[in-house]
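The file model_25.cif contains mmCIF, C-alpha atoms and all ligand atoms:
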```cif
data_input
loop_
_atom_site.label_atom_id
_atom_site.label_comp_id
_atom_site.auth_asym_id
_atom_site.auth_seq_id
_atom_site.Cartn_x
_atom_site.Cartn_y
_atom_site.Cartn_z
CA MET A 17 60.55 93.26 94.48
CA THR A 18 62.00 96.72 93.77
CA LYS A 19 65.61 96.47 92.73
CA GLU A 20 68.34 98.49 94.43
CA ARG A 21 69.85 101.46 92.57
CA VAL A 22 73.51 101.89 93.47
CA CYS A 23 75.44 105.15 93.51
CA VAL A 24 79.19 105.36 94.24
CA ILE A 25 80.27 108.65 95.78
CA GLY A 26 83.94 109.11 94.85
CA SER A 27 86.21 108.02 92.03
CA GLY A 28 89.80 108.17 93.21
CA ASN A 29 92.18 105.21 93.31
CA TRP A 30 90.04 103.06 95.63
CA GLY A 31 86.77 104.54 94.36
CA SER A 32 87.68 103.36 90.86
CA ALA A 33 88.79 99.87 91.95
CA VAL A 34 85.57 99.48 93.90
CA GLY A 35 83.54 100.85 90.98
CA LYS A 36 84.91 97.99 88.89
CA ILE A 37 83.80 95.38 91.46
CA ILE A 38 80.36 96.93 91.91
CA GLY A 39 79.81 97.25 88.16
CA GLU A 40 80.46 93.53 87.77
CA ASN A 41 78.49 92.42 90.84
CA VAL A 42 75.25 94.30 90.07
CA LEU A 43 75.17 92.47 86.73
CA LYS A 44 75.86 89.16 88.46
CA HIS A 45 73.05 89.76 91.00
CA SER A 46 70.55 91.19 88.53
CA ASP A 47 67.65 89.94 90.69
CA LEU A 48 68.70 92.42 93.41
CA PHE A 49 70.24 95.39 91.65
CA GLU A 50 69.42 97.72 88.74
CA PRO A 51 72.15 97.38 86.10
CA GLU A 52 73.17 101.04 85.94
CA VAL A 53 75.64 102.23 88.58
CA ARG A 54 76.04 105.98 88.86
CA GLN A 55 79.42 107.19 90.05
CA TRP A 56 79.96 110.73 91.24
CA VAL A 57 83.25 112.08 89.91
CA PHE A 58 84.78 115.27 91.29
CA GLN A 59 85.15 117.01 87.96
CA GLU A 60 88.60 117.90 86.73
CA ASP A 61 90.44 118.43 83.51
CA PHE A 62 92.32 115.46 82.07
CA LYS A 63 94.56 116.30 79.10
CA GLY A 64 92.18 119.04 77.92
CA GLU A 65 88.97 117.00 78.39
CA LYS A 66 86.51 116.59 81.23
CA LEU A 67 87.45 113.55 83.30
CA THR A 68 83.83 112.28 83.26
CA ASP A 69 83.79 112.36 79.42
CA VAL A 70 87.02 110.36 79.30
CA ILE A 71 85.74 107.80 81.84
CA ASN A 72 82.43 107.34 80.01
CA ARG A 73 84.14 106.94 76.64
CA GLU A 74 87.17 104.85 77.62
CA ARG A 75 85.44 102.81 80.39
CA GLU A 76 88.49 103.60 82.52
CA ASN A 77 89.65 106.30 84.97
CA PRO A 78 93.04 107.14 83.45
CA LYS A 79 93.96 109.59 86.18
CA TYR A 80 93.36 107.47 89.29
CA LEU A 81 93.38 103.86 88.04
CA PRO A 82 95.02 103.71 84.60
CA GLY A 83 94.86 100.50 82.62
CA ILE A 84 91.81 99.00 84.37
CA LYS A 85 88.53 98.74 82.46
CA PHE A 86 85.05 99.13 83.95
CA THR A 87 81.93 97.38 82.74
CA GLU A 88 79.63 99.42 80.45
CA ASN A 89 77.05 99.96 83.18
CA ILE A 90 79.17 102.43 85.16
CA LYS A 91 78.13 106.01 84.43
CA ALA A 92 80.41 108.83 85.58
CA ILE A 93 78.44 111.93 86.62
CA PRO A 94 79.96 115.26 87.72
CA ASP A 95 76.92 116.59 89.61
CA LEU A 96 76.56 115.08 93.07
CA VAL A 97 72.81 115.56 93.40
CA ASP A 98 72.18 114.17 89.89
CA ALA A 99 74.37 111.17 90.61
CA SER A 100 72.68 110.29 93.90
CA ARG A 101 69.07 111.08 92.90
CA GLY A 102 66.85 108.01 93.34
CA ALA A 103 69.67 105.86 94.74
CA SER A 104 68.72 103.26 97.34
CA VAL A 105 72.32 102.17 98.02
CA LEU A 106 75.11 104.71 98.48
CA VAL A 107 78.79 103.77 98.61
CA PHE A 108 80.94 106.53 100.13
CA VAL A 109 84.56 106.22 99.02
CA LEU A 110 86.44 109.49 99.14
CA PRO A 111 89.31 111.04 101.10
CA HIS A 112 88.04 111.88 104.58
CA GLN A 113 88.72 115.60 104.34
CA PHE A 114 85.97 115.99 101.71
CA VAL A 115 83.15 114.05 103.37
CA ARG A 116 81.63 116.92 105.32
CA GLY A 117 81.23 119.13 102.21
CA VAL A 118 79.80 116.26 100.17
CA CYS A 119 77.19 115.38 102.82
CA GLU A 120 76.14 119.03 103.11
CA GLN A 121 75.34 119.05 99.39
CA MET A 122 73.41 115.77 99.59
CA LYS A 123 71.32 116.73 102.62
CA GLY A 124 67.59 116.46 101.88
CA CYS A 125 68.14 114.67 98.54
CA ILE A 126 68.30 111.07 99.82
CA ALA A 127 65.29 108.87 100.63
CA PRO A 128 65.17 107.84 104.32
CA SER A 129 64.84 104.19 103.22
CA ALA A 130 68.23 104.32 101.44
CA LYS A 131 71.23 102.59 103.00
CA ALA A 132 74.88 103.40 102.74
CA ILE A 133 78.31 101.97 103.36
CA SER A 134 81.43 103.98 104.14
CA LEU A 135 84.78 102.86 102.70
CA ILE A 136 86.46 105.98 104.06
CA LYS A 137 89.59 105.47 106.16
CA GLY A 138 89.64 108.38 108.55
CA LEU A 139 87.79 109.79 111.51
CA GLU A 140 85.88 112.97 112.05
CA ILE A 141 87.99 114.12 115.01
CA LYS A 142 87.37 117.50 116.57
CA PRO A 143 88.72 118.65 119.93
CA GLU A 144 85.25 118.06 121.39
CA GLY A 145 84.96 114.44 120.24
CA VAL A 146 85.52 111.62 117.75
CA THR A 147 82.83 110.65 115.27
CA LEU A 148 82.90 107.73 112.89
CA PHE A 149 82.10 108.64 109.31
CA SER A 150 79.35 106.03 109.25
CA GLU A 151 77.72 107.87 112.15
CA GLU A 152 78.38 111.31 110.67
CA ILE A 153 76.85 110.34 107.30
CA SER A 154 73.96 108.63 109.08
CA ARG A 155 73.26 111.77 111.15
CA LYS A 156 73.51 114.15 108.19
CA LEU A 157 71.44 112.08 105.74
CA GLY A 158 69.13 110.24 108.14
CA ILE A 159 69.97 106.74 106.81
CA ASN A 160 71.66 103.56 108.08
CA VAL A 161 75.37 103.35 107.28
CA ALA A 162 77.68 100.32 107.45
CA ALA A 163 81.49 100.31 107.04
CA LEU A 164 83.96 98.39 104.86
CA SER A 165 87.68 98.31 105.52
CA GLY A 166 90.48 95.82 104.91
CA ALA A 167 93.96 95.06 103.62
CA ASN A 168 93.05 96.38 100.20
CA ILE A 169 95.64 98.33 98.26
CA ALA A 170 93.49 99.53 95.36
CA ASP A 171 95.90 98.77 92.50
CA GLU A 172 96.25 95.15 93.65
CA VAL A 173 92.50 94.68 94.09
CA ALA A 174 91.93 96.13 90.61
CA LEU A 175 94.36 93.53 89.22
CA GLU A 176 92.21 90.87 90.92
CA ARG A 177 94.93 89.66 93.27
CA PHE A 178 93.37 87.74 96.14
CA CYS A 179 92.62 89.59 99.35
CA GLU A 180 90.07 89.84 102.15
CA THR A 181 88.01 92.68 103.54
CA THR A 182 85.70 93.31 106.49
CA ILE A 183 82.23 94.80 106.52
CA GLY A 184 80.87 96.06 109.84
CA SER A 185 77.08 96.30 109.86
CA ARG A 186 74.58 96.69 112.68
CA SER A 187 71.82 95.42 110.40
CA GLN A 188 72.11 91.80 109.31
CA GLN A 189 69.90 92.48 106.29
CA ASP A 190 72.09 95.34 105.07
CA GLY A 191 75.18 93.23 105.77
CA GLU A 192 73.84 90.50 103.46
CA LEU A 193 73.09 93.02 100.71
CA PHE A 194 76.56 94.59 100.95
CA PHE A 195 78.12 91.13 100.89
CA LYS A 196 76.49 90.56 97.48
CA LEU A 197 77.55 93.99 96.26
CA PHE A 198 81.24 93.51 97.11
CA ASN A 199 82.19 89.84 97.43
CA THR A 200 84.05 88.24 94.50
CA SER A 201 86.29 85.22 94.03
CA TYR A 202 89.36 87.44 94.62
CA PHE A 203 87.84 89.91 97.12
CA HIS A 204 86.58 87.87 100.07
CA VAL A 205 84.19 89.73 102.33
CA ASN A 206 83.56 88.86 105.98
CA VAL A 207 80.62 90.60 107.63
CA ILE A 208 80.77 91.35 111.37
CA ARG A 209 78.66 93.52 113.68
CA ASP A 210 81.49 95.64 115.12
CA TYR A 211 81.32 98.54 112.65
CA VAL A 212 83.05 100.78 115.20
CA GLY A 213 86.12 98.55 115.28
CA VAL A 214 86.17 98.25 111.49
CA GLU A 215 86.25 102.01 111.03
CA LEU A 216 88.66 102.76 113.86
CA CYS A 217 91.18 100.26 112.50
CA GLY A 218 90.92 101.75 108.99
CA ALA A 219 91.62 105.24 110.25
CA LEU A 220 94.29 104.65 112.89
CA LYS A 221 96.44 102.20 110.92
CA ASN A 222 97.28 105.10 108.60
CA VAL A 223 99.04 106.90 111.46
CA VAL A 224 101.06 103.76 112.23
CA ALA A 225 101.99 103.53 108.53
CA VAL A 226 103.45 107.03 108.65
CA GLY A 227 105.60 105.84 111.56
CA ALA A 228 106.65 102.75 109.57
CA GLY A 229 107.59 104.97 106.62
CA ILE A 230 109.74 107.21 108.81
CA SER A 231 111.53 104.12 110.10
CA ASP A 232 112.07 102.89 106.53
CA GLY A 233 113.42 106.30 105.53
CA LEU A 234 115.98 106.02 108.31
CA GLY A 235 116.94 102.54 107.06
CA TYR A 236 116.06 100.86 110.35
CA GLY A 237 114.96 97.55 108.81
CA SER A 238 112.31 94.92 109.39
CA ASN A 239 112.60 94.36 113.14
CA THR A 240 112.08 98.03 113.92
CA LYS A 241 109.13 98.22 111.59
CA ALA A 242 107.59 95.15 113.19
CA ALA A 243 107.96 96.81 116.60
CA ILE A 244 106.23 99.94 115.31
CA ILE A 245 103.42 97.81 113.91
CA ARG A 246 103.00 95.95 117.21
CA LEU A 247 103.01 99.10 119.33
CA GLY A 248 100.68 100.74 116.82
CA LEU A 249 98.24 97.87 117.09
CA MET A 250 98.25 98.22 120.89
CA GLU A 251 97.54 101.95 120.64
CA MET A 252 94.76 101.35 118.13
CA ARG A 253 93.14 98.92 120.54
CA LYS A 254 93.62 101.24 123.50
CA PHE A 255 92.14 104.19 121.58
CA GLY A 256 89.08 102.15 120.65
CA GLN A 257 88.52 100.73 124.08
CA THR A 258 89.13 104.04 125.86
CA PHE A 259 86.91 106.24 123.72
CA PHE A 260 84.38 103.79 122.24
CA GLY A 261 84.29 100.91 124.73
CA THR A 262 82.42 98.65 122.33
CA VAL A 263 85.38 97.62 120.14
CA GLU A 264 85.87 93.86 120.18
CA ASP A 265 89.31 92.26 120.36
CA THR A 266 88.39 89.80 117.60
CA THR A 267 88.00 92.70 115.13
CA PHE A 268 91.77 93.26 115.26
CA PHE A 269 92.21 89.76 113.80
CA GLU A 270 90.00 90.54 110.81
CA SER A 271 91.30 91.92 107.53
CA CYS A 272 90.50 95.45 108.74
CA GLY A 273 92.85 94.95 111.71
CA VAL A 274 96.25 93.34 111.66
CA ALA A 275 96.14 92.52 107.92
CA ASP A 276 95.53 96.13 106.89
CA LEU A 277 98.28 97.29 109.22
CA ILE A 278 100.73 94.91 107.56
CA THR A 279 99.80 95.84 104.00
CA THR A 280 99.69 99.59 104.59
CA CYS A 281 103.02 99.51 106.42
CA SER A 282 104.60 97.68 103.47
CA GLY A 283 102.87 98.81 100.27
CA GLY A 284 100.74 101.86 101.09
CA ARG A 285 100.98 105.52 100.09
CA ASN A 286 101.27 106.75 103.69
CA ARG A 287 104.35 104.62 104.21
CA LYS A 288 105.87 105.65 100.89
CA VAL A 289 105.44 109.39 101.36
CA ALA A 290 106.63 109.24 104.99
CA GLU A 291 109.76 107.40 103.85
CA ALA A 292 110.44 110.19 101.32
CA PHE A 293 109.80 112.77 104.05
CA ALA A 294 112.45 111.14 106.24
CA LYS A 295 114.92 110.91 103.36
CA THR A 296 114.44 114.36 101.79
CA GLY A 297 113.01 116.60 104.53
CA LYS A 298 110.54 118.05 101.98
CA PRO A 299 107.15 119.09 103.38
CA ILE A 300 104.43 116.42 103.24
CA ASP A 301 102.10 118.47 101.04
CA VAL A 302 104.89 118.94 98.47
CA LEU A 303 105.66 115.20 98.47
CA GLU A 304 101.96 114.34 98.21
CA LYS A 305 101.69 116.47 95.06
CA GLN A 306 104.96 115.19 93.58
CA MET A 307 104.44 111.50 94.32
CA LEU A 308 100.69 110.82 94.24
CA ASN A 309 99.30 112.56 91.13
CA GLY A 310 96.18 113.89 92.86
CA GLN A 311 95.69 110.99 95.29
CA LYS A 312 95.39 112.00 98.92
CA LEU A 313 97.21 111.00 102.09
CA GLN A 314 95.06 110.26 105.09
CA GLY A 315 97.57 109.32 107.81
CA THR A 316 99.29 112.65 108.41
CA LEU A 317 95.98 114.49 108.71
CA THR A 318 94.63 111.77 111.01
CA ALA A 319 97.79 112.06 113.17
CA HIS A 320 97.04 115.78 113.53
CA GLU A 321 93.38 115.18 114.36
CA VAL A 322 94.20 112.45 116.88
CA HIS A 323 96.74 114.76 118.53
CA GLN A 324 94.16 117.57 118.86
CA PHE A 325 91.67 115.18 120.35
CA LEU A 326 94.13 113.64 122.86
CA SER A 327 95.65 116.97 123.71
CA ALA A 328 92.24 118.41 124.62
CA ARG A 329 91.98 115.53 127.14
CA LYS A 330 95.62 115.76 128.33
CA LEU A 331 96.14 112.15 127.21
CA THR A 332 98.87 112.44 124.58
CA HIS A 333 101.35 110.62 126.87
CA GLU A 334 99.11 107.54 126.82
CA PHE A 335 99.60 107.16 123.04
CA PRO A 336 103.34 107.69 122.49
CA LEU A 337 103.48 106.31 118.94
CA PHE A 338 100.58 108.41 117.64
CA GLU A 339 102.03 111.46 119.40
CA THR A 340 105.57 110.90 118.11
CA VAL A 341 104.32 110.61 114.53
CA TYR A 342 102.45 113.89 115.02
CA ARG A 343 105.50 115.65 116.50
CA ILE A 344 107.84 114.48 113.73
CA ILE A 345 105.48 115.55 110.94
CA TYR A 346 104.12 118.79 112.43
CA GLU A 347 106.60 119.97 115.07
CA HIS A 348 109.97 119.10 113.50
CA ALA A 349 110.79 116.57 116.23
CA PRO A 350 113.93 114.57 115.29
CA LEU A 351 113.20 111.62 113.02
CA GLU A 352 115.00 109.29 115.45
CA SER A 353 112.30 109.89 118.05
CA ILE A 354 110.25 107.31 116.13
CA VAL A 355 112.17 104.71 118.14
CA ARG A 356 113.41 106.79 121.08
CA ASP A 357 110.03 108.10 122.22
CA ILE A 358 107.66 105.22 121.67
N1 LIG B 401 93.77 103.85 97.47
C1 LIG B 401 93.75 102.76 98.24
O1 LIG B 401 94.54 101.81 98.06
C2 LIG B 401 92.74 102.66 99.33
C3 LIG B 401 92.09 103.76 99.84
N2 LIG B 401 91.17 103.63 100.86
C4 LIG B 401 90.49 104.78 101.42
O2 LIG B 401 89.43 105.17 100.56
C5 LIG B 401 89.21 106.59 100.65
C6 LIG B 401 89.25 107.17 99.24
O3 LIG B 401 90.54 106.93 98.70
P1 LIG B 401 90.85 106.96 97.14
O4 LIG B 401 89.66 106.55 96.35
O5 LIG B 401 92.10 106.15 96.98
O6 LIG B 401 91.10 108.50 96.85
P2 LIG B 401 92.42 109.20 96.28
O7 LIG B 401 93.49 109.17 97.31
O8 LIG B 401 92.74 108.64 94.94
O9 LIG B 401 91.97 110.73 96.18
C7 LIG B 401 91.65 111.38 95.04
C8 LIG B 401 90.16 111.62 94.98
O10 LIG B 401 89.82 112.79 95.72
C9 LIG B 401 88.96 113.56 94.91
N3 LIG B 401 88.97 114.97 95.28
C10 LIG B 401 89.97 115.87 95.13
N4 LIG B 401 89.57 117.08 95.56
C11 LIG B 401 88.28 116.92 96.00
C12 LIG B 401 87.33 117.78 96.59
N5 LIG B 401 87.60 119.07 96.82
N6 LIG B 401 86.12 117.29 96.90
C13 LIG B 401 85.84 116.00 96.69
N7 LIG B 401 86.69 115.11 96.14
C14 LIG B 401 87.90 115.58 95.81
C15 LIG B 401 89.51 113.33 93.52
O11 LIG B 401 88.57 113.69 92.56
C16 LIG B 401 89.73 111.83 93.54
O12 LIG B 401 88.53 111.15 93.28
C17 LIG B 401 90.31 107.13 101.59
O13 LIG B 401 89.79 107.32 102.87
C18 LIG B 401 91.36 106.02 101.59
O14 LIG B 401 92.08 105.97 102.80
C19 LIG B 401 90.84 102.40 101.35
C20 LIG B 401 91.43 101.27 100.85
C21 LIG B 401 92.43 101.30 99.82
O1 LIG B 402 94.18 101.52 103.02
C1 LIG B 402 94.99 101.09 102.25
C2 LIG B 402 95.23 99.66 102.05
O2 LIG B 402 94.33 98.87 102.75
C3 LIG B 402 95.82 102.03 101.45
O3 LIG B 402 96.69 102.68 102.31
P1 LIG B 402 97.41 104.01 101.82
O4 LIG B 402 96.38 105.10 101.85
O5 LIG B 402 98.54 104.23 102.75
O6 LIG B 402 97.87 103.73 100.41
#
```
Let me see whether you can do it: turn the structure in this file into structure tokens.
Ligand SMILES: NC(=O)C1=CN([C@@H]2O[C@H](COP(=O)(O)OP(=O)(O)OC[C@H]3O[C@@H](n4cnc5c(N)ncnc54)[C@H](O)[C@@H]3O)[C@@H](O)[C@H]2O)C=CC1
Ligand SMILES: O=C(CO)COP(=O)(O)O
Amino acid sequence: MTKERVCVIGSGNWGSAVGKIIGENVLKHSDLFEPEVRQWVFQEDFKGEKLTDVINRERENPKYLPGIKFTENIKAIPDLVDASRGASVLVFVLPHQFVRGVCEQMKGCIAPSAKAISLIKGLEIKPEGVTLFSEEISRKLGINVAALSGANIADEVALERFCETTIGSRSQQDGELFFKLFNTSYFHVNVIRDYVGVELCGALKNVVAVGAGISDGLGYGSNTKAAIIRLGLMEMRKFGQTFFGTVEDTTFFESCGVADLITTCSGGRNRKVAEAFAKTGKPIDVLEKQMLNGQKLQGTLTAHEVHQFLSARKLTHEFPLFETVYRIIYEHAPLESIVRDI
């Protein structure tokens, strides 16, 4: 049997934590996978050296996941086409704003028999429609794409603290392969068929987390935040059922659903930066640079994209929480509208 060759596309905070898991699991399942895992790294300077050189020497990504060691079989590569050449399994894990450009570069370089999984939490939302990244990648590269999303703050996963995650896969065979690639004693994977629900939850919970952060910044306390989480969950479900139809209620009870909402609204970057926004009034892009050291926020951008999409359909009033988050961040609506208008 030909063994699978794995390539990880992305090497940020989550990309690095996932690289650690994959590096260990391909060695554990050596009957299924080639030992070398290539990881595409968006090249940048780190203390006067190329980041890829530092990662390959130190077995660690000191910029995005300091203090966590990778296995020797992870190879950081700065050229996207080089990294993905010959891969039969592609793991997409990068901030959603960069996916389109990355896929353009990879077009025509990937074998049609390859399979992929998207760990991206965001949606390709244009005024004319919503596309899931699994579908967008599948269309651009002509391959099957599954999705993974869950209550998975990268730093905690990298420290091997127990958590769960959800894989959505239309193909049972691919689902079984991805289970082996990701499941560990501390990272419990559940595979379901509803890939649409998995991805929608991952994207939309980030908007709710921005709302939770605004509430925290105002000092409103736990009850208010719980109300925002509940209303957010309802809007997530309504969005899925209105525009995708196929989303199953049970998906919201998986790790990708209510569990990810809870963790992101307590320990995530979207919450943290939104709290600082409410406290300081500084612009989001300034806070992102000051607080995240190169890591990227997804929730504010998704709030903007969701607004454009709903606005084109004259449906913003049907999603008051999503819309209020958008108006506070982008239209200087009063912070207090996070409770008044939802
Ligand atoms: N960090 C976390 O705890 C978790 C993140 N996610 C999701 O995973 C996805 C990736 O997140 P992270 O790995 O945390 O990324 P990150 O937030 O650490 O972003 C930094 C990454 O973006 C790359 N980058 C910067 N400019 C770029 C460009 N022009 N083109 C391509 N790449 C560029 C950087 O090289 C770096 O790899 C996101 O959708 C996020 O929501 C999912 C679960 C947990
Ligand atoms: O998706 C996450 C946890 O599951 C991380 O959320 P943040 O991007 O808000 O840190």
Contact table chain A vs ligand LIG 402 (chain B), cut-off 8 Å, shortest pair per residue, all atoms listed in the file, as JSON lines:
```
{"residue": "A:Lys137", "atom": "CA", "partner": "B:LIG402", "partner_atom": "O1", "distance": 6.8}
{"residue": "A:Ser165", "atom": "CA", "partner": "B:LIG402", "partner_atom": "O2", "distance": 7.2}
{"residue": "A:Gly166", "atom": "CA", "partner": "B:LIG402", "partner_atom": "O2", "distance": 5.4}
{"residue": "A:Ala167", "atom": "CA", "partner": "B:LIG402", "partner_atom": "O2", "distance": 3.9}
{"residue": "A:Asn168", "atom": "CA", "partner": "B:LIG402", "partner_atom": "O2", "distance": 3.8}
{"residue": "A:Ile169", "atom": "CA", "partner": "B:LIG402", "partner_atom": "C2", "distance": 4.0}
{"residue": "A:Ala170", "atom": "CA", "partner": "B:LIG402", "partner_atom": "C2", "distance": 6.9}
{"residue": "A:Gly218", "atom": "CA", "partner": "B:LIG402", "partner_atom": "O1", "distance": 6.8}
{"residue": "A:Asn222", "atom": "CA", "partner": "B:LIG402", "partner_atom": "O5", "distance": 6.0}
{"residue": "A:Ala225", "atom": "CA", "partner": "B:LIG402", "partner_atom": "O5", "distance": 6.8}
{"residue": "A:Cys272", "atom": "CA", "partner": "B:LIG402", "partner_atom": "O2", "distance": 7.9}
{"residue": "A:Asp276", "atom": "CA", "partner": "B:LIG402", "partner_atom": "O2", "distance": 5.1}
{"residue": "A:Leu277", "atom": "CA", "partner": "B:LIG402", "partner_atom": "O2", "distance": 7.7}
{"residue": "A:Thr279", "atom": "CA", "partner": "B:LIG402", "partner_atom": "C2", "distance": 6.3}
{"residue": "A:Thr280", "atom": "CA", "partner": "B:LIG402", "partner_atom": "O3", "distance": 4.9}
{"residue": "A:Cys281", "atom": "CA", "partner": "B:LIG402", "partner_atom": "O5", "distance": 7.5}
{"residue": "A:Gly283", "atom": "CA", "partner": "B:LIG402", "partner_atom": "O6", "distance": 7.0}
{"residue": "A:Gly284", "atom": "CA", "partner": "B:LIG402", "partner_atom": "O6", "distance": 3.5}
{"residue": "A:Arg285", "atom": "CA", "partner": "B:LIG402", "partner_atom": "O6", "distance": 3.6}
{"residue": "A:Asn286", "atom": "CA", "partner": "B:LIG402", "partner_atom": "O5", "distance": 3.8}
{"residue": "A:Arg287", "atom": "CA", "partner": "B:LIG402", "partner_atom": "O5", "distance": 6.0}
{"residue": "A:Lys288", "atom": "CA", "partner": "B:LIG402", "partner_atom": "O5", "distance": 7.7}
{"residue": "A:Lys312", "atom": "CA", "partner": "B:LIG402", "partner_atom": "O4", "distance": 7.6}
{"residue": "A:Leu313", "atom": "CA", "partner": "B:LIG402", "partner_atom": "O4", "distance": 6.0}
{"residue": "A:Gln314", "atom": "CA", "partner": "B:LIG402", "partner_atom": "O4", "distance": 6.2}
{"residue": "A:Gly315", "atom": "CA", "partner": "B:LIG402", "partner_atom": "O5", "distance": 7.2}
```
Using all atoms listed in the file, which residues sit within 10 Å of Thr267 of chain A once same-chain residues fewer than 3 positions away are excluded, as a VMD selection string?
chain A and resid 182 184 208 to 214 217 253 263 to 264 270 to 274
Residues proximal to (96.2, 118.1, 116.4) were defined as those with any atom within 12 Å of that point in the file's coordinates, counting only C-alpha atoms. Which are they, as a PDB file with C-alpha atoms, in the frame of the given file?
```
ATOM      1  CA  ILE A 141      87.990 114.120 115.010  1.00  0.00           C
ATOM      2  CA  LYS A 142      87.370 117.500 116.570  1.00  0.00           C
ATOM      3  CA  PRO A 143      88.720 118.650 119.930  1.00  0.00           C
ATOM      4  CA  THR A 316      99.290 112.650 108.410  1.00  0.00           C
ATOM      5  CA  LEU A 317      95.980 114.490 108.710  1.00  0.00           C
ATOM      6  CA  THR A 318      94.630 111.770 111.010  1.00  0.00           C
ATOM      7  CA  ALA A 319      97.790 112.060 113.170  1.00  0.00           C
ATOM      8  CA  HIS A 320      97.040 115.780 113.530  1.00  0.00           C
ATOM      9  CA  GLU A 321      93.380 115.180 114.360  1.00  0.00           C
ATOM     10  CA  VAL A 322      94.200 112.450 116.880  1.00  0.00           C
ATOM     11  CA  HIS A 323      96.740 114.760 118.530  1.00  0.00           C
ATOM     12  CA  GLN A 324      94.160 117.570 118.860  1.00  0.00           C
ATOM     13  CA  PHE A 325      91.670 115.180 120.350  1.00  0.00           C
ATOM     14  CA  LEU A 326      94.130 113.640 122.860  1.00  0.00           C
ATOM     15  CA  SER A 327      95.650 116.970 123.710  1.00  0.00           C
ATOM     16  CA  ALA A 328      92.240 118.410 124.620  1.00  0.00           C
ATOM     17  CA  ARG A 329      91.980 115.530 127.140  1.00  0.00           C
ATOM     18  CA  THR A 332      98.870 112.440 124.580  1.00  0.00           C
ATOM     19  CA  PHE A 338     100.580 108.410 117.640  1.00  0.00           C
ATOM     20  CA  GLU A 339     102.030 111.460 119.400  1.00  0.00           C
ATOM     21  CA  THR A 340     105.570 110.900 118.110  1.00  0.00           C
ATOM     22  CA  VAL A 341     104.320 110.610 114.530  1.00  0.00           C
ATOM     23  CA  TYR A 342     102.450 113.890 115.020  1.00  0.00           C
ATOM     24  CA  ARG A 343     105.500 115.650 116.500  1.00  0.00           C
ATOM     25  CA  ILE A 345     105.480 115.550 110.940  1.00  0.00           C
ATOM     26  CA  TYR A 346     104.120 118.790 112.430  1.00  0.00           C
ATOM     27  CA  GLU A 347     106.600 119.970 115.070  1.00  0.00           C
TER      28      GLU A 347
END
```
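Computed from the coordinates, the atom CA of Cys23 of chain A to atom CA of Trp56 of chain A distance equals 7.5 Å.
Taking all atoms listed in the file into account, ligand LIG 401 (chain B) has within 6 Å the residues Gly26, Ser27, Gly28, Asn29, Trp30, Gly31, Phe58, Tyr80, Val109, Leu110, Pro111, His112, Phe114, Leu135, Ile136, Lys137, Gly138, Asn168, Ile169, Ala170, Gly310, Gln311, Lys312 and Gln314 of chain A.
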Resulting file, chosen residues, C-alpha atoms, as an mmCIF file, keeping the file's coordinate frame:
```cif
data_model
loop_
_atom_site.group_PDB
_atom_site.id
_atom_site.type_symbol
_atom_site.label_atom_id
_atom_site.label_comp_id
_atom_site.auth_asym_id
_atom_site.auth_seq_id
_atom_site.Cartn_x
_atom_site.Cartn_y
_atom_site.Cartn_z
ATOM 1 C CA GLY A 26 83.940 109.110 94.850
ATOM 2 C CA SER A 27 86.210 108.020 92.030
ATOM 3 C CA GLY A 28 89.800 108.170 93.210
ATOM 4 C CA ASN A 29 92.180 105.210 93.310
ATOM 5 C CA TRP A 30 90.040 103.060 95.630
ATOM 6 C CA GLY A 31 86.770 104.540 94.360
ATOM 7 C CA PHE A 58 84.780 115.270 91.290
ATOM 8 C CA TYR A 80 93.360 107.470 89.290
ATOM 9 C CA VAL A 109 84.560 106.220 99.020
ATOM 10 C CA LEU A 110 86.440 109.490 99.140
ATOM 11 C CA PRO A 111 89.310 111.040 101.100
ATOM 12 C CA HIS A 112 88.040 111.880 104.580
ATOM 13 C CA PHE A 114 85.970 115.990 101.710
ATOM 14 C CA LEU A 135 84.780 102.860 102.700
ATOM 15 C CA ILE A 136 86.460 105.980 104.060
ATOM 16 C CA LYS A 137 89.590 105.470 106.160
ATOM 17 C CA GLY A 138 89.640 108.380 108.550
ATOM 18 C CA ASN A 168 93.050 96.380 100.200
ATOM 19 C CA ILE A 169 95.640 98.330 98.260
ATOM 20 C CA ALA A 170 93.490 99.530 95.360
ATOM 21 C CA GLY A 310 96.180 113.890 92.860
ATOM 22 C CA GLN A 311 95.690 110.990 95.290
ATOM 23 C CA LYS A 312 95.390 112.000 98.920
ATOM 24 C CA GLN A 314 95.060 110.260 105.090
#
```
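Ranking A:Pro82, A:Val24, A:Lys36, A:Ala92 by their shortest atom-to-atom distance to Leu67 of chain A, with all atoms listed in the file included, puts A:Ala92 first.
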Go ahead and compute the interatomic distance for atom CA of Val226 of chain A and atom CA of Ile278 of chain A, in Å to one decimal.
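Distance reported for this atom pair: 12.5 Å.
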Would you be able to write out as a PDB file with C-alpha atoms, keeping the file's coordinate frame which residues have an atom within 8 Å of (91.5, 109.1, 128.2) in the file's coordinates, counting all atoms listed in the file?
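Result file follows (point-v2.pdb):
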```
ATOM      1  CA  THR A 258      89.130 104.040 125.860  1.00  0.00           C
ATOM      2  CA  PHE A 259      86.910 106.240 123.720  1.00  0.00           C
ATOM      3  CA  LEU A 326      94.130 113.640 122.860  1.00  0.00           C
ATOM      4  CA  ARG A 329      91.980 115.530 127.140  1.00  0.00           C
ATOM      5  CA  LYS A 330      95.620 115.760 128.330  1.00  0.00           C
ATOM      6  CA  LEU A 331      96.140 112.150 127.210  1.00  0.00           C
ATOM      7  CA  GLU A 334      99.110 107.540 126.820  1.00  0.00           C
TER       8      GLU A 334
END
```
